[in-house]
$ cat data30.cif   # mmCIF, C-alpha atoms
data_protein
loop_
_atom_site.label_atom_id
_atom_site.label_comp_id
_atom_site.auth_asym_id
_atom_site.auth_seq_id
_atom_site.Cartn_x
_atom_site.Cartn_y
_atom_site.Cartn_z
CA SER X 1 -111.17 171.08 128.58
CA ASP X 2 -109.29 170.68 125.26
CA THR X 3 -106.07 170.97 127.25
CA ARG X 4 -103.23 168.50 126.81
CA ILE X 5 -100.05 168.17 128.88
CA GLN X 6 -97.05 168.32 126.58
CA LYS X 7 -94.21 167.79 129.04
CA ILE X 8 -92.83 168.39 132.50
CA ILE X 9 -90.09 171.00 132.86
CA ILE X 10 -87.24 169.69 135.03
CA ASP X 11 -84.64 171.92 136.71
CA ASN X 12 -81.98 170.47 139.04
CA ASN X 13 -83.87 167.18 139.17
CA ASN X 14 -87.06 168.93 140.31
CA ALA X 15 -90.28 169.49 138.40
CA THR X 16 -90.82 173.25 138.21
CA HIS X 17 -93.44 173.67 135.49
CA ILE X 18 -95.79 171.71 133.26
CA GLU X 19 -96.18 172.72 129.64
CA VAL X 20 -99.75 172.48 128.33
CA GLU X 21 -101.43 173.11 124.99
CA ASN X 22 -104.93 174.49 124.60
CA ASN X 23 -106.44 175.19 121.18
CA GLY X 24 -102.99 175.64 119.70
CA GLN X 25 -101.68 177.93 122.46
CA VAL X 26 -98.80 176.61 124.58
CA SER X 27 -98.46 177.74 128.20
CA ARG X 28 -96.26 176.92 131.19
CA ILE X 29 -97.74 176.50 134.66
CA GLU X 30 -95.53 176.70 137.74
CA VAL X 31 -95.86 173.71 140.08
CA GLU X 32 -94.48 172.56 143.43
CA ARG X 33 -94.91 168.87 142.68
CA VAL X 34 -96.38 166.68 139.94
CA VAL X 35 -98.41 163.49 140.20
CA LEU X 36 -98.33 162.07 136.69
CA ALA X 37 -101.36 159.84 136.08
CA GLY X 38 -101.75 159.70 132.31
CA GLY X 39 -102.44 155.99 132.14
CA SER X 40 -100.39 153.37 130.34
CA LEU X 41 -100.91 155.08 126.97
CA ASN X 42 -100.11 158.72 127.76
CA THR X 43 -97.68 158.58 130.70
CA PRO X 44 -94.70 157.19 128.69
CA SER X 45 -95.23 159.82 125.98
CA ILE X 46 -95.17 162.67 128.52
CA LEU X 47 -92.06 161.26 130.23
CA LEU X 48 -90.19 160.88 126.92
CA ASN X 49 -91.11 164.38 125.81
CA SER X 50 -89.91 165.64 129.21
CA GLY X 51 -86.43 164.25 128.58
CA TYR X 52 -86.54 161.06 130.63
CA LYS X 53 -84.28 158.33 129.27
CA ASN X 54 -84.90 154.62 129.69
CA PRO X 55 -84.54 151.94 126.98
CA GLN X 56 -87.86 150.35 128.04
CA LEU X 57 -89.88 153.56 128.24
CA GLY X 58 -92.66 153.53 125.62
CA LYS X 59 -92.31 149.81 124.98
CA ASN X 60 -93.87 146.55 126.24
CA LEU X 61 -97.50 147.75 126.11
CA LYS X 62 -99.95 145.03 127.19
CA THR X 63 -103.63 145.43 126.33
CA HIS X 64 -105.25 142.07 127.29
CA PRO X 65 -107.05 141.84 123.89
CA VAL X 66 -110.77 141.20 124.18
CA SER X 67 -113.61 139.98 122.03
CA GLY X 68 -117.04 138.72 123.02
CA VAL X 69 -120.07 136.57 122.30
CA ALA X 70 -123.72 137.33 122.99
CA GLY X 71 -126.66 134.92 123.09
CA LYS X 72 -130.38 135.64 122.85
CA PHE X 73 -132.78 133.43 124.81
CA ASN X 74 -136.54 133.04 124.91
CA GLU X 75 -136.38 133.63 128.65
CA GLU X 76 -135.77 137.17 129.83
CA GLN X 77 -132.11 137.64 130.87
CA LYS X 78 -132.22 141.17 132.31
CA PRO X 79 -128.63 141.90 131.22
CA TRP X 80 -128.63 145.23 133.04
CA TYR X 81 -129.34 143.63 136.42
CA GLY X 82 -126.77 142.88 139.14
CA SER X 83 -123.02 143.39 139.37
CA MET X 84 -121.20 144.00 136.12
CA GLN X 85 -118.71 141.23 135.32
CA GLY X 86 -119.60 139.52 138.60
CA MET X 87 -118.76 136.05 137.25
CA HIS X 88 -115.66 134.67 135.55
CA SER X 89 -113.80 131.44 134.85
CA GLU X 90 -110.04 130.99 135.34
CA ASP X 91 -110.02 127.47 133.91
CA PHE X 92 -107.97 128.57 130.89
CA LEU X 93 -105.96 131.40 132.43
CA PHE X 94 -102.72 129.37 132.28
CA LYS X 95 -103.60 127.30 129.22
CA THR X 96 -100.20 127.40 127.49
CA ASN X 97 -96.88 128.20 129.17
CA ASN X 98 -98.66 130.17 131.91
CA TYR X 99 -100.54 132.29 129.36
CA GLY X 100 -104.19 131.96 128.43
CA TYR X 101 -107.45 133.80 128.92
CA LEU X 102 -110.33 134.60 131.25
CA LEU X 103 -113.95 133.94 130.38
CA GLN X 104 -115.90 136.74 131.98
CA GLY X 105 -119.41 138.13 132.08
CA LEU X 106 -119.91 141.09 129.78
CA PRO X 107 -121.28 144.34 131.21
CA MET X 108 -124.36 144.54 129.02
CA HIS X 109 -125.48 148.11 129.49
CA PRO X 110 -126.65 149.51 126.13
CA SER X 111 -123.66 151.80 125.61
CA ILE X 112 -121.42 148.72 125.33
CA PHE X 113 -123.77 146.05 123.99
CA PHE X 114 -125.17 147.84 120.94
CA PRO X 115 -121.90 149.36 119.60
CA TYR X 116 -119.91 146.14 120.08
CA PHE X 117 -122.59 143.88 118.61
CA PRO X 118 -124.11 145.77 115.65
CA ASN X 119 -126.98 143.65 114.35
CA PHE X 120 -127.15 143.56 110.55
CA VAL X 121 -129.85 140.86 110.49
CA SER X 122 -132.72 142.26 112.55
CA SER X 123 -134.23 145.71 112.29
CA ALA X 124 -132.95 148.27 114.77
CA GLU X 125 -136.40 148.45 116.38
CA ASP X 126 -136.63 144.67 116.87
CA PHE X 127 -133.05 144.47 118.14
CA ILE X 128 -133.59 147.14 120.77
CA GLU X 129 -136.92 145.56 121.74
CA SER X 130 -135.14 142.23 122.34
CA TYR X 131 -132.46 143.76 124.61
CA ASN X 132 -133.71 142.12 127.83
CA HIS X 133 -133.33 138.66 126.27
CA TRP X 134 -129.60 138.90 125.53
CA SER X 135 -126.70 137.65 127.64
CA GLY X 136 -123.02 138.26 126.94
CA ALA X 137 -119.51 137.14 127.84
CA ILE X 138 -115.99 138.08 126.82
CA VAL X 139 -112.62 136.44 126.27
CA LEU X 140 -109.87 138.44 127.96
CA THR X 141 -106.42 137.22 126.96
CA SER X 142 -103.17 137.48 128.92
CA ASP X 143 -101.04 138.60 126.00
CA THR X 144 -97.44 137.91 125.09
CA SER X 145 -97.73 140.50 122.31
CA ASN X 146 -96.09 143.89 122.82
CA GLY X 147 -96.96 147.40 121.72
CA SER X 148 -94.76 150.47 121.47
CA LEU X 149 -95.03 154.23 121.01
CA ILE X 150 -94.75 155.74 117.54
CA ASN X 151 -92.33 158.70 117.52
CA ASN X 152 -92.80 159.37 121.26
CA GLY X 153 -96.61 159.25 120.93
CA PRO X 154 -99.38 159.82 121.39
CA LEU X 155 -99.95 157.04 118.82
CA TRP X 156 -99.15 153.43 119.65
CA LYS X 157 -98.74 150.37 117.48
CA TYR X 158 -99.81 146.94 118.69
CA LYS X 159 -100.11 143.69 116.74
CA LEU X 160 -101.63 140.52 118.14
CA ASN X 161 -99.32 137.57 117.52
CA ASP X 162 -100.47 134.08 116.50
CA PHE X 163 -99.96 132.63 119.99
CA ASP X 164 -102.33 135.16 121.58
CA ASN X 165 -104.72 135.09 118.64
CA ASN X 166 -105.13 131.32 119.04
CA HIS X 167 -106.05 131.79 122.69
CA LEU X 168 -108.62 134.42 121.70
CA LEU X 169 -110.09 132.03 119.12
CA ASP X 170 -110.20 129.17 121.59
CA GLY X 171 -112.10 131.27 124.10
CA LEU X 172 -114.58 132.52 121.50
CA THR X 173 -115.20 128.96 120.38
CA LYS X 174 -115.94 127.88 123.94
CA LEU X 175 -118.37 130.74 124.44
CA VAL X 176 -120.21 130.00 121.19
CA ARG X 177 -120.49 126.34 122.19
CA SER X 178 -121.71 127.29 125.67
CA TYR X 179 -124.48 129.54 124.38
CA TYR X 180 -125.50 126.98 121.77
CA LEU X 181 -125.75 124.16 124.32
CA ALA X 182 -127.58 126.46 126.75
CA GLY X 183 -130.34 126.87 124.16
CA ALA X 184 -129.66 130.32 122.74
CA GLU X 185 -131.96 131.18 119.85
CA GLU X 186 -129.42 133.59 118.38
CA ILE X 187 -125.67 133.96 118.79
CA MET X 188 -123.49 136.90 117.80
CA VAL X 189 -119.69 137.13 117.81
CA SER X 190 -118.21 140.62 118.05
CA ALA X 191 -116.42 140.85 114.70
CA SER X 192 -116.22 142.98 111.57
CA PRO X 193 -118.91 142.41 110.43
CA THR X 194 -120.77 140.73 113.30
CA MET X 195 -121.04 136.94 113.01
CA HIS X 196 -124.73 136.09 113.49
CA TRP X 197 -126.40 132.69 113.87
CA LYS X 198 -130.14 131.96 114.27
CA ARG X 199 -131.47 128.60 115.42
CA ASN X 200 -134.89 129.00 113.77
CA GLU X 201 -133.32 129.36 110.34
CA ASN X 202 -131.89 125.83 110.61
CA GLU X 203 -128.43 127.22 110.00
CA ASP X 204 -125.65 124.83 110.94
CA ILE X 205 -123.80 126.19 113.96
CA GLU X 206 -120.62 125.27 112.11
CA GLU X 207 -121.36 128.07 109.65
CA ILE X 208 -120.44 130.63 112.25
CA SER X 209 -117.27 128.69 113.02
CA SER X 210 -115.98 128.25 109.49
CA THR X 211 -116.38 131.81 108.27
CA LYS X 212 -113.27 133.98 108.41
CA ARG X 213 -113.63 137.56 109.59
CA ASP X 214 -111.44 140.47 110.59
CA ILE X 215 -111.83 140.87 114.34
CA SER X 216 -111.33 144.39 115.57
CA LYS X 217 -109.15 144.24 118.65
CA ARG X 218 -111.33 145.61 121.46
CA GLN X 219 -108.75 147.37 123.56
CA GLU X 220 -109.78 150.35 125.61
CA GLY X 221 -108.15 153.74 125.18
CA HIS X 222 -107.76 156.28 122.43
CA ARG X 223 -105.20 157.77 120.05
CA ARG X 224 -103.36 154.62 119.14
CA LYS X 225 -102.85 152.46 116.10
CA THR X 226 -103.90 148.81 116.11
CA HIS X 227 -103.64 146.04 113.55
CA ARG X 228 -106.22 143.46 112.57
CA LYS X 229 -105.76 139.75 112.09
CA ALA X 230 -108.01 137.30 110.26
CA ILE X 231 -109.48 134.61 112.47
CA SER X 232 -111.56 131.48 112.06
CA LEU X 233 -113.60 129.61 114.63
CA SER X 234 -113.95 125.86 114.88
CA LEU X 235 -116.31 124.01 117.18
CA ILE X 236 -114.80 120.61 116.41
#

$ encode --input "data30.cif" --output "structure tokens"
Amino acid sequence: SDTRIQKIIIDNNNATHIEVENNGQVSRIEVERVVLAGGSLNTPSILLNSGYKNPQLGKNLKTHPVSGVAGKFNEEQKPWYGSMQGMHSEDFLFKTNNYGYLLQGLPMHPSIFFPYFPNFVSSAEDFIESYNHWSGAIVLTSDTSNGSLINNGPLWKYKLNDFDNNHLLDGLTKLVRSYYLAGAEEIMVSASPTMHWKRNENEDIEEISSTKRDISKRQEGHRRKTHRKAISLSLI
């Protein structure tokens, strides 16, 4: 609709209007009541622009940072079949000081799989043709890192700290090891660029673990600023 809520107009502690912007034109709409459901990214910005005051408003953003691993098998996996993310492991959820990560099945429908795992090794035709043979999983961290609004939004800043980054690395390492031991013929780690290992090329699995890459933090949402952090994997 190209329409964005700017703020709520408050009079005598009651919401009387909402101010919206559409293609550069600002309008006010009279309301009897407001249910504000802008999500964790937009709600604080709207409240701040509406004049609400709270020292914690627009701070303490948690994003449960995510990255993933995919494995290709000779046997057909049918990644599109069944419940999305129907399996997970909580073994490492409280790994360190009650913080850690979940290992969880990755919803492998094409709109997620292909953008998050761009394949720079195989041709696009061969990669798409092999889709039914791939399986995927993610590491979902319970983060101690915090994000905050930039100048009342809508942009956010969020930087993954070393404590959370180490949990993310540990989970990725476990997933790589799991796919390798399960007999995967290829393994990809969602990174920038994608880490890619092939069994039939006699490449040491440690090669994928010793190479440093910039991992794009895979948080959902839009209109925010994120930082990148170099990572390295180790299977030792």

$ residues_around --input "data30.cif" --residues "Asn22 (chain X)" --least-positions-apart "6" --cutoff "10 Å" --atoms "all atoms listed in the file" --output "PyMOL selection string"
chain X and resi 1-5

$ closest_residue --input "data30.cif" --among "X:Gln25, X:Ser83, X:Asn161, X:Ser123" --to "Thr141 (chain X)" --atoms "only C-alpha atoms"
X:Asn161

$ atom_distance --input "data30.cif" --atom1 "CA of Val31 (chain X)" --atom2 "CA of Lys53 (chain X)"
22.1 Å

$ resolve_selection --input "data30.cif" --expression "the PyMOL selection byres ((chain X and resi 10) around 12)" --output "list in words"
Lys7, Ile8, Ile9, Asp11, Asn12, Asn13, Asn14, Ala15, Thr16, His17, Ile18, Glu19, Glu30, Val31, Glu32, Arg33, Val34, Leu47, Asn49, Ser50, Gly51 and Tyr52 of chain X

$ atom_distance --input "data30.cif" --atom1 "CA of Thr63 (chain X)" --atom2 "CA of Pro44 (chain X)"
15.0 Å

$ closest_residue --input "data30.cif" --among "X:Ser192, X:Ser111, X:Asn60, X:Asn42" --to "Asn146 (chain X)" --atoms "all atoms listed in the file"
X:Asn60

$ resolve_selection --input "data30.cif" --expression "the PyMOL selection byres ((chain X and resi 151) around 12)" --output "ChimeraX atom specification"
/X:44-45,48-49,58-59,148-150,152-157,224

$ write_last_selection --input "data30.cif" --atoms "C-alpha atoms" --output "PDB file, in the frame of the given file"
ATOM      1  CA  PRO X  44     -94.700 157.190 128.690  1.00  0.00           C
ATOM      2  CA  SER X  45     -95.230 159.820 125.980  1.00  0.00           C
ATOM      3  CA  LEU X  48     -90.190 160.880 126.920  1.00  0.00           C
ATOM      4  CA  ASN X  49     -91.110 164.380 125.810  1.00  0.00           C
ATOM      5  CA  GLY X  58     -92.660 153.530 125.620  1.00  0.00           C
ATOM      6  CA  LYS X  59     -92.310 149.810 124.980  1.00  0.00           C
ATOM      7  CA  SER X 148     -94.760 150.470 121.470  1.00  0.00           C
ATOM      8  CA  LEU X 149     -95.030 154.230 121.010  1.00  0.00           C
ATOM      9  CA  ILE X 150     -94.750 155.740 117.540  1.00  0.00           C
ATOM     10  CA  ASN X 152     -92.800 159.370 121.260  1.00  0.00           C
ATOM     11  CA  GLY X 153     -96.610 159.250 120.930  1.00  0.00           C
ATOM     12  CA  PRO X 154     -99.380 159.820 121.390  1.00  0.00           C
ATOM     13  CA  LEU X 155     -99.950 157.040 118.820  1.00  0.00           C
ATOM     14  CA  TRP X 156     -99.150 153.430 119.650  1.00  0.00           C
ATOM     15  CA  LYS X 157     -98.740 150.370 117.480  1.00  0.00           C
ATOM     16  CA  ARG X 224    -103.360 154.620 119.140  1.00  0.00           C
TER      17      ARG X 224
END

$ atom_distance --input "data30.cif" --atom1 "CA of Asp164 (chain X)" --atom2 "CA of Val176 (chain X)"
18.6 Å

$ closest_residue --input "data30.cif" --among "X:Lys174, X:Leu103, X:Leu160, X:Gly38" --to "Gly147 (chain X)" --atoms "all atoms listed in the file"
X:Leu160

$ residues_around --input "data30.cif" --residues "region 167-169 of chain X" --least-positions-apart "4" --cutoff "7 Å" --atoms "all atoms listed in the file" --output "ChimeraX atom specification"
/X:100-101,139,141,163,173,233

$ closest_residue --input "data30.cif" --among "X:Thr194, X:Gln6, X:Gln104, X:Gln77" --to "Ser89 (chain X)" --atoms "all atoms listed in the file"
X:Gln104

$ resolve_selection --input "data30.cif" --expression "the PyMOL selection byres ((chain X and resi 84) around 8)" --output "ChimeraX atom specification"
/X:82-83,85-86,105-108

$ build_atoms --input "data30.cif" --residues "region 156-180 of chain X" --atoms "N, CA, C and O atoms" --output "mmCIF file, in the frame of the given file"
data_model
loop_
_atom_site.group_PDB
_atom_site.id
_atom_site.type_symbol
_atom_site.label_atom_id
_atom_site.label_comp_id
_atom_site.auth_asym_id
_atom_site.auth_seq_id
_atom_site.Cartn_x
_atom_site.Cartn_y
_atom_site.Cartn_z
ATOM 1 N N TRP X 156 -99.806 154.691 119.346
ATOM 2 C CA TRP X 156 -99.150 153.430 119.650
ATOM 3 C C TRP X 156 -99.357 152.465 118.491
ATOM 4 O O TRP X 156 -100.301 152.604 117.716
ATOM 5 N N LYS X 157 -98.485 151.476 118.390
ATOM 6 C CA LYS X 157 -98.740 150.370 117.480
ATOM 7 C C LYS X 157 -98.741 149.079 118.299
ATOM 8 O O LYS X 157 -97.954 148.917 119.234
ATOM 9 N N TYR X 158 -99.654 148.202 117.969
ATOM 10 C CA TYR X 158 -99.810 146.940 118.690
ATOM 11 C C TYR X 158 -100.345 145.898 117.714
ATOM 12 O O TYR X 158 -101.338 146.141 117.039
ATOM 13 N N LYS X 159 -99.674 144.762 117.626
ATOM 14 C CA LYS X 159 -100.110 143.690 116.740
ATOM 15 C C LYS X 159 -100.225 142.396 117.525
ATOM 16 O O LYS X 159 -99.286 141.980 118.196
ATOM 17 N N LEU X 160 -101.388 141.782 117.455
ATOM 18 C CA LEU X 160 -101.630 140.520 118.140
ATOM 19 C C LEU X 160 -100.888 139.406 117.429
ATOM 20 O O LEU X 160 -101.060 139.200 116.225
ATOM 21 N N ASN X 161 -100.057 138.657 118.161
ATOM 22 C CA ASN X 161 -99.320 137.570 117.520
ATOM 23 C C ASN X 161 -100.180 136.299 117.447
ATOM 24 O O ASN X 161 -101.266 136.216 118.015
ATOM 25 N N ASP X 162 -99.693 135.307 116.730
ATOM 26 C CA ASP X 162 -100.470 134.080 116.500
ATOM 27 C C ASP X 162 -100.751 133.343 117.805
ATOM 28 O O ASP X 162 -101.827 132.761 117.975
ATOM 29 N N PHE X 163 -99.799 133.332 118.711
ATOM 30 C CA PHE X 163 -99.960 132.630 119.990
ATOM 31 C C PHE X 163 -101.165 133.196 120.749
ATOM 32 O O PHE X 163 -102.038 132.454 121.210
ATOM 33 N N ASP X 164 -101.224 134.517 120.865
ATOM 34 C CA ASP X 164 -102.330 135.160 121.580
ATOM 35 C C ASP X 164 -103.632 135.059 120.786
ATOM 36 O O ASP X 164 -104.712 134.885 121.357
ATOM 37 N N ASN X 165 -103.530 135.180 119.471
ATOM 38 C CA ASN X 165 -104.720 135.090 118.640
ATOM 39 C C ASN X 165 -105.382 133.710 118.768
ATOM 40 O O ASN X 165 -106.615 133.600 118.812
ATOM 41 N N ASN X 166 -104.579 132.659 118.872
ATOM 42 C CA ASN X 166 -105.130 131.320 119.040
ATOM 43 C C ASN X 166 -105.862 131.169 120.372
ATOM 44 O O ASN X 166 -106.881 130.477 120.460
ATOM 45 N N HIS X 167 -105.344 131.809 121.409
ATOM 46 C CA HIS X 167 -106.050 131.790 122.690
ATOM 47 C C HIS X 167 -107.387 132.531 122.577
ATOM 48 O O HIS X 167 -108.406 132.083 123.115
ATOM 49 N N LEU X 168 -107.378 133.666 121.895
ATOM 50 C CA LEU X 168 -108.620 134.420 121.700
ATOM 51 C C LEU X 168 -109.643 133.574 120.951
ATOM 52 O O LEU X 168 -110.819 133.512 121.330
ATOM 53 N N LEU X 169 -109.202 132.906 119.907
ATOM 54 C CA LEU X 169 -110.090 132.030 119.120
ATOM 55 C C LEU X 169 -110.638 130.896 119.963
ATOM 56 O O LEU X 169 -111.832 130.571 119.888
ATOM 57 N N ASP X 170 -109.776 130.299 120.759
ATOM 58 C CA ASP X 170 -110.200 129.170 121.590
ATOM 59 C C ASP X 170 -111.280 129.606 122.569
ATOM 60 O O ASP X 170 -112.276 128.905 122.773
ATOM 61 N N GLY X 171 -111.099 130.775 123.166
ATOM 62 C CA GLY X 171 -112.100 131.270 124.100
ATOM 63 C C GLY X 171 -113.414 131.598 123.419
ATOM 64 O O GLY X 171 -114.492 131.284 123.942
ATOM 65 N N LEU X 172 -113.358 132.215 122.234
ATOM 66 C CA LEU X 172 -114.580 132.520 121.500
ATOM 67 C C LEU X 172 -115.329 131.243 121.127
ATOM 68 O O LEU X 172 -116.561 131.179 121.212
ATOM 69 N N THR X 173 -114.577 130.231 120.734
ATOM 70 C CA THR X 173 -115.200 128.960 120.380
ATOM 71 C C THR X 173 -115.930 128.359 121.581
ATOM 72 O O THR X 173 -117.055 127.860 121.460
ATOM 73 N N LYS X 174 -115.307 128.420 122.737
ATOM 74 C CA LYS X 174 -115.940 127.880 123.940
ATOM 75 C C LYS X 174 -117.206 128.652 124.313
ATOM 76 O O LYS X 174 -118.201 128.063 124.757
ATOM 77 N N LEU X 175 -117.184 129.953 124.135
ATOM 78 C CA LEU X 175 -118.370 130.740 124.440
ATOM 79 C C LEU X 175 -119.502 130.454 123.462
ATOM 80 O O LEU X 175 -120.669 130.339 123.858
ATOM 81 N N VAL X 176 -119.180 130.346 122.184
ATOM 82 C CA VAL X 176 -120.210 130.000 121.190
ATOM 83 C C VAL X 176 -120.835 128.659 121.523
ATOM 84 O O VAL X 176 -122.057 128.493 121.513
ATOM 85 N N ARG X 177 -119.985 127.675 121.839
ATOM 86 C CA ARG X 177 -120.490 126.340 122.190
ATOM 87 C C ARG X 177 -121.379 126.412 123.428
ATOM 88 O O ARG X 177 -122.435 125.771 123.504
ATOM 89 N N SER X 178 -120.951 127.194 124.421
ATOM 90 C CA SER X 178 -121.710 127.290 125.670
ATOM 91 C C SER X 178 -123.105 127.867 125.428
ATOM 92 O O SER X 178 -124.107 127.350 125.936
ATOM 93 N N TYR X 179 -123.176 128.927 124.656
ATOM 94 C CA TYR X 179 -124.480 129.540 124.380
ATOM 95 C C TYR X 179 -125.352 128.612 123.534
ATOM 96 O O TYR X 179 -126.572 128.538 123.740
ATOM 97 N N TYR X 180 -124.737 127.922 122.605
ATOM 98 C CA TYR X 180 -125.500 126.980 121.770
ATOM 99 C C TYR X 180 -126.095 125.861 122.616
ATOM 100 O O TYR X 180 -127.285 125.546 122.522
#
